[in-house]
file query27.txt (compact mmCIF, C-alpha atoms)
# COMPACT_ATOMS: atom_id res chain seq x y z
CA MET Q 17 129.50 207.95 335.22
CA LYS Q 18 130.15 206.85 331.64
CA ARG Q 19 126.84 208.35 330.52
CA LEU Q 20 127.72 211.59 332.26
CA LEU Q 21 131.06 211.76 330.45
CA VAL Q 22 129.42 211.08 327.09
CA THR Q 23 126.83 213.79 327.74
CA LEU Q 24 129.54 216.21 328.82
CA PHE Q 25 131.53 215.42 325.69
CA PHE Q 26 128.61 216.21 323.41
CA ILE Q 27 127.83 219.42 325.30
CA LEU Q 28 131.42 220.56 324.98
CA VAL Q 29 131.55 219.66 321.31
CA ALA Q 30 128.28 221.45 320.64
CA SER Q 31 129.27 224.56 322.51
CA ASN Q 32 132.54 224.79 320.64
CA SER Q 33 130.94 224.41 317.26
CA LEU Q 34 132.60 226.68 314.69
CA ALA Q 35 131.62 224.92 311.53
CA HIS Q 36 131.45 225.64 307.83
CA ASP Q 37 129.02 223.47 305.89
CA MET Q 38 128.20 223.39 302.20
CA THR Q 39 125.71 221.10 300.50
CA PRO Q 40 125.19 219.25 298.27
CA THR Q 41 128.41 217.35 297.70
CA TYR Q 42 127.56 216.89 294.03
CA PRO Q 43 125.49 219.83 292.72
CA GLU Q 44 123.83 219.46 289.35
CA LEU Q 45 123.87 221.90 286.46
CA LYS Q 46 120.34 222.62 285.30
CA PRO Q 47 118.91 224.83 282.60
CA SER Q 48 118.20 228.33 283.87
CA TYR Q 49 115.57 230.86 282.90
CA MET Q 50 118.20 232.67 280.82
CA GLU Q 51 119.28 231.34 277.48
CA GLY Q 52 122.88 230.19 277.32
CA LEU Q 53 123.24 229.89 281.07
CA LEU Q 54 123.07 226.90 283.39
CA VAL Q 55 122.38 227.11 287.08
CA ALA Q 56 123.59 225.11 290.05
CA ASP Q 57 122.23 225.74 293.49
CA PHE Q 58 123.81 225.00 296.80
CA GLU Q 59 123.45 225.94 300.44
CA LEU Q 60 125.90 227.43 302.88
CA LEU Q 61 125.51 227.00 306.61
CA ASN Q 62 127.61 229.25 308.80
CA LYS Q 63 128.26 228.00 312.30
CA ARG Q 64 131.49 229.94 312.61
CA ASN Q 65 130.93 232.93 314.85
CA ASP Q 66 134.22 234.41 313.63
CA VAL Q 67 133.09 234.45 309.99
CA ARG Q 68 130.37 236.52 308.35
CA TYR Q 69 131.23 236.19 304.67
CA TYR Q 70 132.06 233.36 302.29
CA GLU Q 71 133.66 233.74 298.88
CA VAL Q 72 132.47 231.56 296.03
CA ALA Q 73 134.70 230.34 293.22
CA VAL Q 74 134.38 227.90 290.34
CA PHE Q 75 137.20 225.81 288.88
CA ASP Q 76 137.90 223.23 286.22
CA LYS Q 77 139.57 219.91 287.02
CA ASP Q 78 143.01 221.56 287.02
CA TRP Q 79 141.86 224.31 289.39
CA ASN Q 80 141.80 226.99 286.72
CA PRO Q 81 139.12 229.58 287.52
CA ILE Q 82 135.96 229.61 285.43
CA PRO Q 83 133.71 232.66 285.05
CA PHE Q 84 130.41 232.51 286.86
CA VAL Q 85 127.70 234.76 288.19
CA THR Q 86 126.11 234.85 291.62
CA ALA Q 87 124.18 237.63 293.31
CA TYR Q 88 127.29 238.37 295.36
CA LYS Q 89 130.75 236.97 294.84
CA VAL Q 90 131.36 237.34 298.56
CA ILE Q 91 128.18 236.12 300.18
CA PRO Q 92 127.03 237.37 303.56
CA VAL Q 93 126.02 234.41 305.72
CA PRO Q 94 125.00 235.46 309.24
CA TYR Q 95 126.07 233.26 312.10
CA LEU Q 96 123.86 230.16 312.44
CA SER Q 97 122.12 230.93 309.16
CA THR Q 98 121.69 228.98 305.96
CA VAL Q 99 121.84 230.78 302.65
CA SER Q 100 120.80 229.31 299.31
CA VAL Q 101 122.90 230.37 296.37
CA ASP Q 102 122.10 230.18 292.67
CA LEU Q 103 125.26 230.04 290.63
CA PHE Q 104 125.13 230.61 286.89
CA ILE Q 105 127.71 229.43 284.40
CA ARG Q 106 127.87 229.66 280.65
CA ASP Q 107 126.53 226.78 278.67
CA LYS Q 108 129.82 226.49 276.82
CA ASP Q 109 131.64 225.84 280.12
CA LYS Q 110 129.38 223.00 281.21
CA LEU Q 111 131.81 220.28 280.22
CA ILE Q 112 134.79 221.75 282.02
CA VAL Q 113 133.22 222.97 285.24
CA THR Q 114 134.36 220.63 288.00
CA TYR Q 115 134.48 222.31 291.40
CA ILE Q 116 132.31 224.89 293.14
CA CYS Q 117 134.01 226.14 296.27
CA SER Q 118 133.14 228.35 299.19
CA LYS Q 119 135.85 229.88 301.34
CA SER Q 120 135.59 231.66 304.66
CA LYS Q 121 136.67 235.28 304.66
CA LEU Q 122 138.59 236.10 307.78
CA ARG Q 123 138.97 239.42 309.47
CA LYS Q 124 142.27 240.67 310.77
CA SER Q 125 142.87 239.48 314.27
CA TYR Q 126 144.37 241.41 317.11
CA GLU Q 127 145.94 238.43 318.78
CA THR Q 128 149.13 236.52 318.17
CA GLN Q 129 147.63 233.36 316.78
CA THR Q 130 147.04 231.08 313.85
CA ILE Q 131 143.58 231.32 312.38
CA ILE Q 132 141.92 228.51 310.47
CA SER Q 133 140.52 229.32 307.07
CA SER Q 134 138.01 226.79 305.74
CA ARG Q 135 137.20 225.95 302.16
CA ILE Q 136 134.73 223.33 300.94
CA CYS Q 137 134.60 222.29 297.31
CA SER Q 138 131.67 220.41 295.84
CA LYS Q 139 132.09 218.50 292.61
CA VAL Q 140 129.70 219.23 289.79
CA LYS Q 141 127.60 216.32 288.69
CA ARG Q 142 126.92 216.18 285.00
CA LEU Q 143 124.11 214.36 283.30
CA GLY Q 144 125.02 210.72 282.87
CA GLU Q 145 127.62 210.68 285.64
CA MET Z 5 75.61 234.18 334.09
CA ILE Z 6 74.64 232.71 330.72
CA LYS Z 7 70.96 232.20 330.54
CA ASN Z 8 70.43 231.25 326.97
CA PRO Z 9 70.79 227.45 326.56
CA LEU Z 10 71.79 227.94 322.92
CA LEU Z 11 74.77 230.04 323.96
CA ILE Z 12 75.80 227.37 326.47
CA ILE Z 13 75.74 224.73 323.76
CA ILE Z 14 77.81 226.91 321.39
CA PHE Z 15 80.44 227.59 324.07
CA SER Z 16 80.55 223.91 324.95
CA ILE Z 17 81.20 222.91 321.38
CA PHE Z 18 84.06 225.42 321.00
CA THR Z 19 85.54 224.44 324.34
CA PHE Z 20 85.60 220.69 323.80
CA SER Z 21 86.39 220.50 320.13
CA ALA Z 22 90.14 220.76 320.37
CA PHE Z 23 91.65 221.70 317.01
CA ALA Z 24 94.30 219.03 316.86
CA GLU Z 25 96.98 219.87 314.35
CA ASP Z 26 100.00 217.78 313.52
CA VAL Z 27 103.16 219.82 313.39
CA PRO Z 28 105.58 218.12 311.03
CA ILE Z 29 109.30 218.16 311.53
CA GLU Z 30 111.09 217.44 308.32
CA GLY Z 31 114.70 216.97 307.53
CA THR Z 32 116.88 215.75 304.73
CA VAL Z 33 120.07 213.84 305.25
CA GLN Z 34 122.60 214.72 302.60
CA SER Z 35 126.17 213.69 302.11
CA ARG Z 36 128.35 216.46 303.36
CA CYS Z 37 131.70 217.54 304.68
CA ILE Z 38 131.76 219.94 307.60
CA ILE Z 39 134.91 221.75 308.63
CA THR Z 40 134.97 222.83 312.24
CA THR Z 41 137.53 225.01 313.93
CA ASP Z 42 138.17 223.04 317.06
CA THR Z 43 141.07 225.06 318.44
CA PRO Z 44 142.50 228.22 316.91
CA GLY Z 45 146.23 228.04 317.41
CA VAL Z 46 148.35 230.47 319.35
CA PHE Z 47 152.00 231.31 318.80
CA GLY Z 48 154.36 230.94 321.70
CA ASN Z 49 157.52 233.01 321.73
CA PRO Z 50 160.23 230.87 323.36
CA ASN Z 51 162.98 233.21 322.25
CA ALA Z 52 163.28 236.54 320.47
CA TYR Z 53 163.57 235.06 316.98
CA THR Z 54 161.02 232.19 317.04
CA LEU Z 55 157.27 231.98 317.00
CA THR Z 56 155.89 228.48 317.35
CA THR Z 57 152.65 226.71 318.15
CA ALA Z 58 154.49 224.00 320.13
CA ALA Z 59 152.94 223.52 323.54
CA THR Z 60 156.35 223.17 325.14
CA ASP Z 61 157.12 226.69 323.97
CA GLY Z 62 153.91 228.23 325.24
CA GLY Z 63 151.96 227.86 322.02
CA VAL Z 64 148.71 226.11 321.19
CA LEU Z 65 148.37 223.79 318.21
CA PRO Z 66 145.54 224.68 315.83
CA VAL Z 67 143.09 221.78 315.57
CA VAL Z 68 140.50 221.37 312.86
CA ARG Z 69 137.78 218.75 312.73
CA TYR Z 70 136.33 217.19 309.59
CA ASP Z 71 132.93 215.50 309.74
CA VAL Z 72 131.95 213.46 306.71
CA THR Z 73 128.74 211.54 306.18
CA LEU Z 74 129.79 209.73 303.03
CA ALA Z 75 132.84 207.48 302.82
CA ASP Z 76 135.34 207.78 299.96
CA ALA Z 77 133.81 211.07 298.84
CA TYR Z 78 136.22 213.70 300.14
CA TYR Z 79 139.86 214.67 300.48
CA ALA Z 80 140.99 216.75 303.43
CA GLN Z 81 143.81 219.13 302.55
CA ILE Z 82 145.44 221.17 305.29
CA THR Z 83 148.01 223.79 304.42
CA THR Z 84 150.23 225.43 307.01
CA PRO Z 85 151.17 229.07 306.49
CA THR Z 86 154.24 230.46 304.74
CA SER Z 87 153.63 234.08 305.63
CA PHE Z 88 151.89 236.20 308.21
CA SER Z 89 148.49 237.54 307.29
CA SER Z 90 149.13 240.45 309.61
CA SER Z 91 152.27 241.47 311.44
CA PRO Z 92 154.54 244.43 312.08
CA THR Z 93 156.89 245.36 309.25
CA ILE Z 94 159.65 242.77 308.92
CA SER Z 95 162.67 243.24 306.69
CA GLU Z 96 164.37 239.92 307.35
CA THR Z 97 163.56 236.61 305.69
CA ILE Z 98 161.46 234.25 307.77
CA THR Z 99 161.88 230.49 307.66
CA TRP Z 100 158.61 228.62 308.00
CA THR Z 101 158.17 225.01 308.99
CA GLY Z 102 154.86 223.23 309.30
CA SER Z 103 153.35 219.81 309.51
CA THR Z 104 149.96 218.24 310.05
CA GLU Z 105 148.97 214.99 311.68
CA VAL Z 106 145.88 213.18 312.87
CA ASP Z 107 145.02 214.20 316.41
CA ALA Z 108 141.95 212.04 317.07
CA ILE Z 109 139.51 209.82 315.19
CA SER Z 110 135.96 208.73 315.83
CA ASP Z 111 136.35 205.36 314.10
CA ALA Z 112 139.40 203.49 315.32
CA THR Z 113 139.05 200.82 312.65
CA GLY Z 114 138.08 202.74 309.55
CA MET Z 115 140.36 205.70 310.14
CA ALA Z 116 143.41 203.94 311.53
CA SER Z 117 145.29 204.24 308.25
CA TYR Z 118 144.74 207.97 307.73
CA GLU Z 119 148.10 208.98 309.15
CA THR Z 120 150.14 206.37 307.32
CA ASN Z 121 148.38 207.01 304.01
CA LYS Z 122 148.65 210.79 304.06
CA VAL Z 123 150.32 212.58 301.18
CA THR Z 124 152.40 215.70 301.73
CA PHE Z 125 153.27 218.19 299.03
CA GLY Z 126 154.91 221.45 300.01
CA GLN Z 127 153.12 222.82 303.04
CA THR Z 128 149.98 220.84 302.25
CA THR Z 129 149.01 217.50 303.73
CA GLN Z 130 146.25 215.52 302.07
CA TYR Z 131 144.14 212.79 303.64
CA ASP Z 132 141.73 210.51 301.84
CA LEU Z 133 138.62 210.43 304.03
CA THR Z 134 137.67 206.83 303.45
CA ALA Z 135 135.33 206.44 306.41
CA THR Z 136 132.37 208.34 307.77
CA GLY Z 137 132.71 210.15 311.06
CA SER Z 138 134.90 212.81 312.62
CA THR Z 139 138.62 213.30 312.35
CA TRP Z 140 140.65 215.89 314.21
CA PHE Z 141 143.85 217.18 312.62
CA LYS Z 142 146.49 219.25 314.38
CA SER Z 143 149.11 221.40 312.70
CA SER Z 144 152.48 222.48 313.99
CA VAL Z 145 153.73 225.82 312.72
CA SER Z 146 157.00 227.56 313.39
CA ALA Z 147 158.43 230.83 312.10
CA THR Z 148 162.07 231.71 312.62
CA MET Z 149 163.54 235.11 311.88
CA GLY Z 150 166.60 235.11 309.66
CA GLY Z 151 169.96 235.88 311.21
CA ASN Z 152 168.56 235.11 314.63
CA LYS Z 153 167.23 238.65 314.81
CA ALA Z 154 164.37 239.48 317.09
CA PHE Z 155 160.77 239.71 315.94
CA PRO Z 156 159.59 243.31 316.33
CA GLY Z 157 156.99 243.80 319.03
CA GLY Z 158 153.41 243.57 317.84
CA THR Z 159 150.71 241.11 316.91
CA TYR Z 160 151.27 238.28 314.47
CA THR Z 161 148.63 236.28 312.69
CA ALA Z 162 149.04 233.40 310.27
CA ILE Z 163 146.38 231.32 308.59
CA VAL Z 164 146.08 227.55 308.35
CA GLU Z 165 143.89 226.61 305.41
CA ALA Z 166 141.60 223.59 305.82
CA VAL Z 167 140.06 222.38 302.58
CA CYS Z 168 137.54 219.65 301.93
CA VAL Z 169 137.35 218.63 298.27
CA ALA Z 170 134.76 216.28 296.84
CA GLN Z 171 136.30 213.38 294.95
call {"tool": "encode", "arguments": {"input": "query27.txt", "output": "structure tokens"}}
result
Amino acid sequence: MKRLLVTLFFILVASNSLAHDMTPTYPELKPSYMEGLLVADFELLNKRNDVRYYEVAVFDKDWNPIPFVTAYKVIPVPYLSTVSVDLFIRDKDKLIVTYICSKSKLRKSYETQTIISSRICSKVKRLGE
Amino acid sequence: MIKNPLLIIIFSIFTFSAFAEDVPIEGTVQSRCIITTDTPGVFGNPNAYTLTTAATDGGVLPVVRYDVTLADAYYAQITTPTSFSSSPTISETITWTGSTEVDAISDATGMASYETNKVTFGQTTQYDLTATGSTWFKSSVSATMGGNKAFPGGTYTAIVEAVCVAQ
């Protein structure tokens, strides 16, 4: 009976999975193929069937935005897909870049409800840290 | 009917020499924080001038789950709304109240202090995720129309923001 309940629990949890996942926790800045730019790469996994797009942003330690370049600022991530993202920042910003964040972009709903927006912020790992 | 013995030998060789191939399954375990929408909340409408997620008023509390695989590496920040993301036109001021608390934990020992150690600033509640595993957080949200006037008919949506920040 206990085993049945445990199995049922995991089935229910799995079937209700609406998850936003971003790795790694501590991305590294590496030299890129373009002079004056550093690159950090990370992966987004979309297990939210209510979300198709994620917005990327970069901040310093005080949450001030820092300019960056990605192929798309709002990245399409199909449901149950993983997308690798290369994010470029200027070499002169390498000492102040602290957080790289991805945020779910929600569509307008037609129901009277509260929707949950998710945002995951990785912390940039610098050489020597 | 195969008459040539050479052909028989060739077929035999191809039939019995099974091409065994190992199919690798690879995976990498990385530290991560996963935010899962466990229950999207629903507003109940106990009277004309209140929308609330309280179950006693016909609402459903939004529940979000955090899964972390590395202890002491993340903060969970949950912010309750202070405006509707979509609603009919409202001219009156709306008073918002919101709070967040731990709903369930996967590690009764390591996560027991989450609720007592939480920090609240404004509409945001922050938890230090000091243990690995899953934690469910539930938020209570209430919107009250100023002057006890009625909410216009229509659909109302508000957004709870769940953030996971690496330390």
call {"tool": "closest_atom_pairs", "arguments": {"input": "query27.txt", "of": "chain Q", "to": "chain Z", "cutoff": "6 Å", "atoms": "all atoms listed in the file", "output": "tab-separated table"}}
result
residue	atom	partner	partner_atom	distance
Q:Leu34	CA	Z:Thr40	CA	5.1
Q:Ala35	CA	Z:Thr40	CA	4.0
Q:His36	CA	Z:Ile39	CA	5.3
Q:Asp37	CA	Z:Ile38	CA	4.8
Q:Thr41	CA	Z:Arg36	CA	5.7
Q:Glu127	CA	Z:Thr159	CA	5.8
Q:Thr128	CA	Z:Tyr160	CA	4.6
Q:Gln129	CA	Z:Val46	CA	3.9
Q:Thr130	CA	Z:Ala162	CA	4.7
Q:Ile131	CA	Z:Ile163	CA	4.7
Q:Ile132	CA	Z:Val164	CA	4.8
Q:Ser133	CA	Z:Glu165	CA	4.6
Q:Ser134	CA	Z:Ala166	CA	4.8
Q:Arg135	CA	Z:Val167	CA	4.6
Q:Ile136	CA	Z:Cys168	CA	4.7
Q:Cys137	CA	Z:Val169	CA	4.7
Q:Ser138	CA	Z:Ala170	CA	5.3
Q:Lys139	CA	Z:Ala170	CA	5.5
call {"tool": "closest_residue", "arguments": {"input": "query27.txt", "among": "Q:Phe104, Q:Phe84, Q:Tyr115, Q:Trp79", "to": "Glu51 of chain Q", "atoms": "all atoms listed in the file"}}
result
Q:Phe104
call {"tool": "closest_residue", "arguments": {"input": "query27.txt", "among": "Q:Val93, Q:Asp66, Q:Phe75, Q:Thr98", "to": "Arg123 of chain Q", "atoms": "all atoms listed in the file"}}
result
Q:Asp66
call {"tool": "residues_around", "arguments": {"input": "query27.txt", "residues": "segment 108-123 of chain Z", "least_positions_apart": "6", "cutoff": "7 Å", "atoms": "only C-alpha atoms", "output": "ChimeraX atom specification"}}
result
/Z:129-131,135,137-140
call {"tool": "atom_distance", "arguments": {"input": "query27.txt", "atom1": "atom CA of Leu111 of chain Q", "atom2": "atom CA of Pro92 of chain Q"}}
result
29.3 Å
call {"tool": "atom_distance", "arguments": {"input": "query27.txt", "atom1": "atom CA of Pro81 of chain Q", "atom2": "atom CA of Asp109 of chain Q"}}
result
11.2 Å
call {"tool": "closest_residue", "arguments": {"input": "query27.txt", "among": "Q:Lys119, Q:Lys46, Q:Lys141, Q:Lys63", "to": "Ile91 of chain Q", "atoms": "all atoms listed in the file"}}
result
Q:Lys119
call {"tool": "axis_aligned_box", "arguments": {"input": "query27.txt", "around": "segment 31-49 of chain Q", "padding_each_side": "6 Å", "output": "lines of an AutoDock Vina configuration file"}}
result
center_x = 124.1
center_y = 223.9
center_z = 302.6
size_x = 29.0
size_y = 26.0
size_z = 51.9
call {"tool": "closest_residue", "arguments": {"input": "query27.txt", "among": "Q:Tyr42, Q:Tyr95, Q:Tyr69, Q:Tyr88", "to": "Lys121 of chain Q", "atoms": "all atoms listed in the file"}}
result
Q:Tyr69
call {"tool": "atom_distance", "arguments": {"input": "query27.txt", "atom1": "atom CA of Ser118 of chain Q", "atom2": "atom CA of Pro92 of chain Z"}}
result
29.7 Å
call {"tool": "closest_residue", "arguments": {"input": "query27.txt", "among": "Q:Leu61, Q:Pro47, Q:Thr86, Q:Leu122", "to": "Val74 of chain Q", "atoms": "all atoms listed in the file"}}
result
Q:Thr86
call {"tool": "closest_residue", "arguments": {"input": "query27.txt", "among": "Q:Val72, Q:Phe58, Q:Arg106, Q:Arg64", "to": "Thr39 of chain Q", "atoms": "only C-alpha atoms"}}
result
Q:Phe58
call {"tool": "build_atoms", "arguments": {"input": "query27.txt", "residues": "segment 65-93 of chain Q", "atoms": "N, CA and C atoms", "output": "PDB file, in the coordinates of the input"}}
result
ATOM      1  N   ASN Q  65     131.268 231.585 314.362  1.00  0.00           N
ATOM      2  CA  ASN Q  65     130.930 232.930 314.850  1.00  0.00           C
ATOM      3  C   ASN Q  65     132.019 233.947 314.559  1.00  0.00           C
ATOM      4  N   ASP Q  66     133.152 233.482 314.007  1.00  0.00           N
ATOM      5  CA  ASP Q  66     134.220 234.410 313.630  1.00  0.00           C
ATOM      6  C   ASP Q  66     134.167 234.750 312.149  1.00  0.00           C
ATOM      7  N   VAL Q  67     133.183 234.234 311.437  1.00  0.00           N
ATOM      8  CA  VAL Q  67     133.090 234.450 309.990  1.00  0.00           C
ATOM      9  C   VAL Q  67     131.706 234.965 309.638  1.00  0.00           C
ATOM     10  N   ARG Q  68     131.661 235.975 308.794  1.00  0.00           N
ATOM     11  CA  ARG Q  68     130.370 236.520 308.350  1.00  0.00           C
ATOM     12  C   ARG Q  68     130.198 236.410 306.839  1.00  0.00           C
ATOM     13  N   TYR Q  69     131.297 236.189 306.126  1.00  0.00           N
ATOM     14  CA  TYR Q  69     131.230 236.190 304.670  1.00  0.00           C
ATOM     15  C   TYR Q  69     131.965 234.966 304.108  1.00  0.00           C
ATOM     16  N   TYR Q  70     131.420 234.478 302.991  1.00  0.00           N
ATOM     17  CA  TYR Q  70     132.060 233.360 302.290  1.00  0.00           C
ATOM     18  C   TYR Q  70     132.218 233.737 300.826  1.00  0.00           C
ATOM     19  N   GLU Q  71     133.386 233.438 300.280  1.00  0.00           N
ATOM     20  CA  GLU Q  71     133.660 233.740 298.880  1.00  0.00           C
ATOM     21  C   GLU Q  71     133.428 232.488 298.039  1.00  0.00           C
ATOM     22  N   VAL Q  72     132.771 232.684 296.919  1.00  0.00           N
ATOM     23  CA  VAL Q  72     132.470 231.560 296.030  1.00  0.00           C
ATOM     24  C   VAL Q  72     133.419 231.597 294.838  1.00  0.00           C
ATOM     25  N   ALA Q  73     133.841 230.428 294.400  1.00  0.00           N
ATOM     26  CA  ALA Q  73     134.700 230.340 293.220  1.00  0.00           C
ATOM     27  C   ALA Q  73     134.382 229.048 292.469  1.00  0.00           C
ATOM     28  N   VAL Q  74     134.656 229.066 291.181  1.00  0.00           N
ATOM     29  CA  VAL Q  74     134.380 227.900 290.340  1.00  0.00           C
ATOM     30  C   VAL Q  74     135.654 227.549 289.580  1.00  0.00           C
ATOM     31  N   PHE Q  75     135.943 226.257 289.498  1.00  0.00           N
ATOM     32  CA  PHE Q  75     137.200 225.810 288.880  1.00  0.00           C
ATOM     33  C   PHE Q  75     136.954 224.636 287.952  1.00  0.00           C
ATOM     34  N   ASP Q  76     137.923 224.451 287.031  1.00  0.00           N
ATOM     35  CA  ASP Q  76     137.900 223.230 286.220  1.00  0.00           C
ATOM     36  C   ASP Q  76     138.692 222.145 286.959  1.00  0.00           C
ATOM     37  N   LYS Q  77     138.925 221.031 286.313  1.00  0.00           N
ATOM     38  CA  LYS Q  77     139.570 219.910 287.020  1.00  0.00           C
ATOM     39  C   LYS Q  77     141.021 220.207 287.399  1.00  0.00           C
ATOM     40  N   ASP Q  78     141.635 221.179 286.701  1.00  0.00           N
ATOM     41  CA  ASP Q  78     143.010 221.560 287.020  1.00  0.00           C
ATOM     42  C   ASP Q  78     143.080 222.806 287.905  1.00  0.00           C
ATOM     43  N   TRP Q  79     141.967 223.169 288.478  1.00  0.00           N
ATOM     44  CA  TRP Q  79     141.860 224.310 289.390  1.00  0.00           C
ATOM     45  C   TRP Q  79     142.118 225.645 288.704  1.00  0.00           C
ATOM     46  N   ASN Q  80     141.807 225.700 287.399  1.00  0.00           N
ATOM     47  CA  ASN Q  80     141.800 226.990 286.720  1.00  0.00           C
ATOM     48  C   ASN Q  80     140.435 227.635 286.947  1.00  0.00           C
ATOM     49  N   PRO Q  81     140.420 228.940 287.247  1.00  0.00           N
ATOM     50  CA  PRO Q  81     139.120 229.580 287.520  1.00  0.00           C
ATOM     51  C   PRO Q  81     138.238 229.659 286.287  1.00  0.00           C
ATOM     52  N   ILE Q  82     136.948 229.549 286.510  1.00  0.00           N
ATOM     53  CA  ILE Q  82     135.960 229.610 285.430  1.00  0.00           C
ATOM     54  C   ILE Q  82     134.985 230.746 285.763  1.00  0.00           C
ATOM     55  N   PRO Q  83     134.642 231.572 284.759  1.00  0.00           N
ATOM     56  CA  PRO Q  83     133.710 232.660 285.050  1.00  0.00           C
ATOM     57  C   PRO Q  83     132.330 232.161 285.458  1.00  0.00           C
ATOM     58  N   PHE Q  84     131.742 232.884 286.368  1.00  0.00           N
ATOM     59  CA  PHE Q  84     130.410 232.510 286.860  1.00  0.00           C
ATOM     60  C   PHE Q  84     129.716 233.771 287.362  1.00  0.00           C
ATOM     61  N   VAL Q  85     128.460 233.639 287.647  1.00  0.00           N
ATOM     62  CA  VAL Q  85     127.700 234.760 288.190  1.00  0.00           C
ATOM     63  C   VAL Q  85     126.883 234.286 289.393  1.00  0.00           C
ATOM     64  N   THR Q  86     127.005 235.029 290.474  1.00  0.00           N
ATOM     65  CA  THR Q  86     126.110 234.850 291.620  1.00  0.00           C
ATOM     66  C   THR Q  86     125.653 236.251 292.038  1.00  0.00           C
ATOM     67  N   ALA Q  87     124.660 236.321 292.881  1.00  0.00           N
ATOM     68  CA  ALA Q  87     124.180 237.630 293.310  1.00  0.00           C
ATOM     69  C   ALA Q  87     125.312 238.437 293.950  1.00  0.00           C
ATOM     70  N   TYR Q  88     126.105 237.760 294.764  1.00  0.00           N
ATOM     71  CA  TYR Q  88     127.290 238.370 295.360  1.00  0.00           C
ATOM     72  C   TYR Q  88     128.428 237.372 295.207  1.00  0.00           C
ATOM     73  N   LYS Q  89     129.612 237.881 294.905  1.00  0.00           N
ATOM     74  CA  LYS Q  89     130.750 236.970 294.840  1.00  0.00           C
ATOM     75  C   LYS Q  89     131.190 236.603 296.265  1.00  0.00           C
ATOM     76  N   VAL Q  90     131.130 237.594 297.134  1.00  0.00           N
ATOM     77  CA  VAL Q  90     131.360 237.340 298.560  1.00  0.00           C
ATOM     78  C   VAL Q  90     129.990 237.396 299.222  1.00  0.00           C
ATOM     79  N   ILE Q  91     129.572 236.259 299.734  1.00  0.00           N
ATOM     80  CA  ILE Q  91     128.180 236.120 300.180  1.00  0.00           C
ATOM     81  C   ILE Q  91     128.075 236.311 301.685  1.00  0.00           C
ATOM     82  N   PRO Q  92     127.222 237.232 302.118  1.00  0.00           N
ATOM     83  CA  PRO Q  92     127.030 237.370 303.560  1.00  0.00           C
ATOM     84  C   PRO Q  92     126.201 236.202 304.103  1.00  0.00           C
ATOM     85  N   VAL Q  93     126.738 235.524 305.074  1.00  0.00           N
ATOM     86  CA  VAL Q  93     126.020 234.410 305.720  1.00  0.00           C
ATOM     87  C   VAL Q  93     126.061 234.659 307.226  1.00  0.00           C
TER      88      VAL Q  93
END
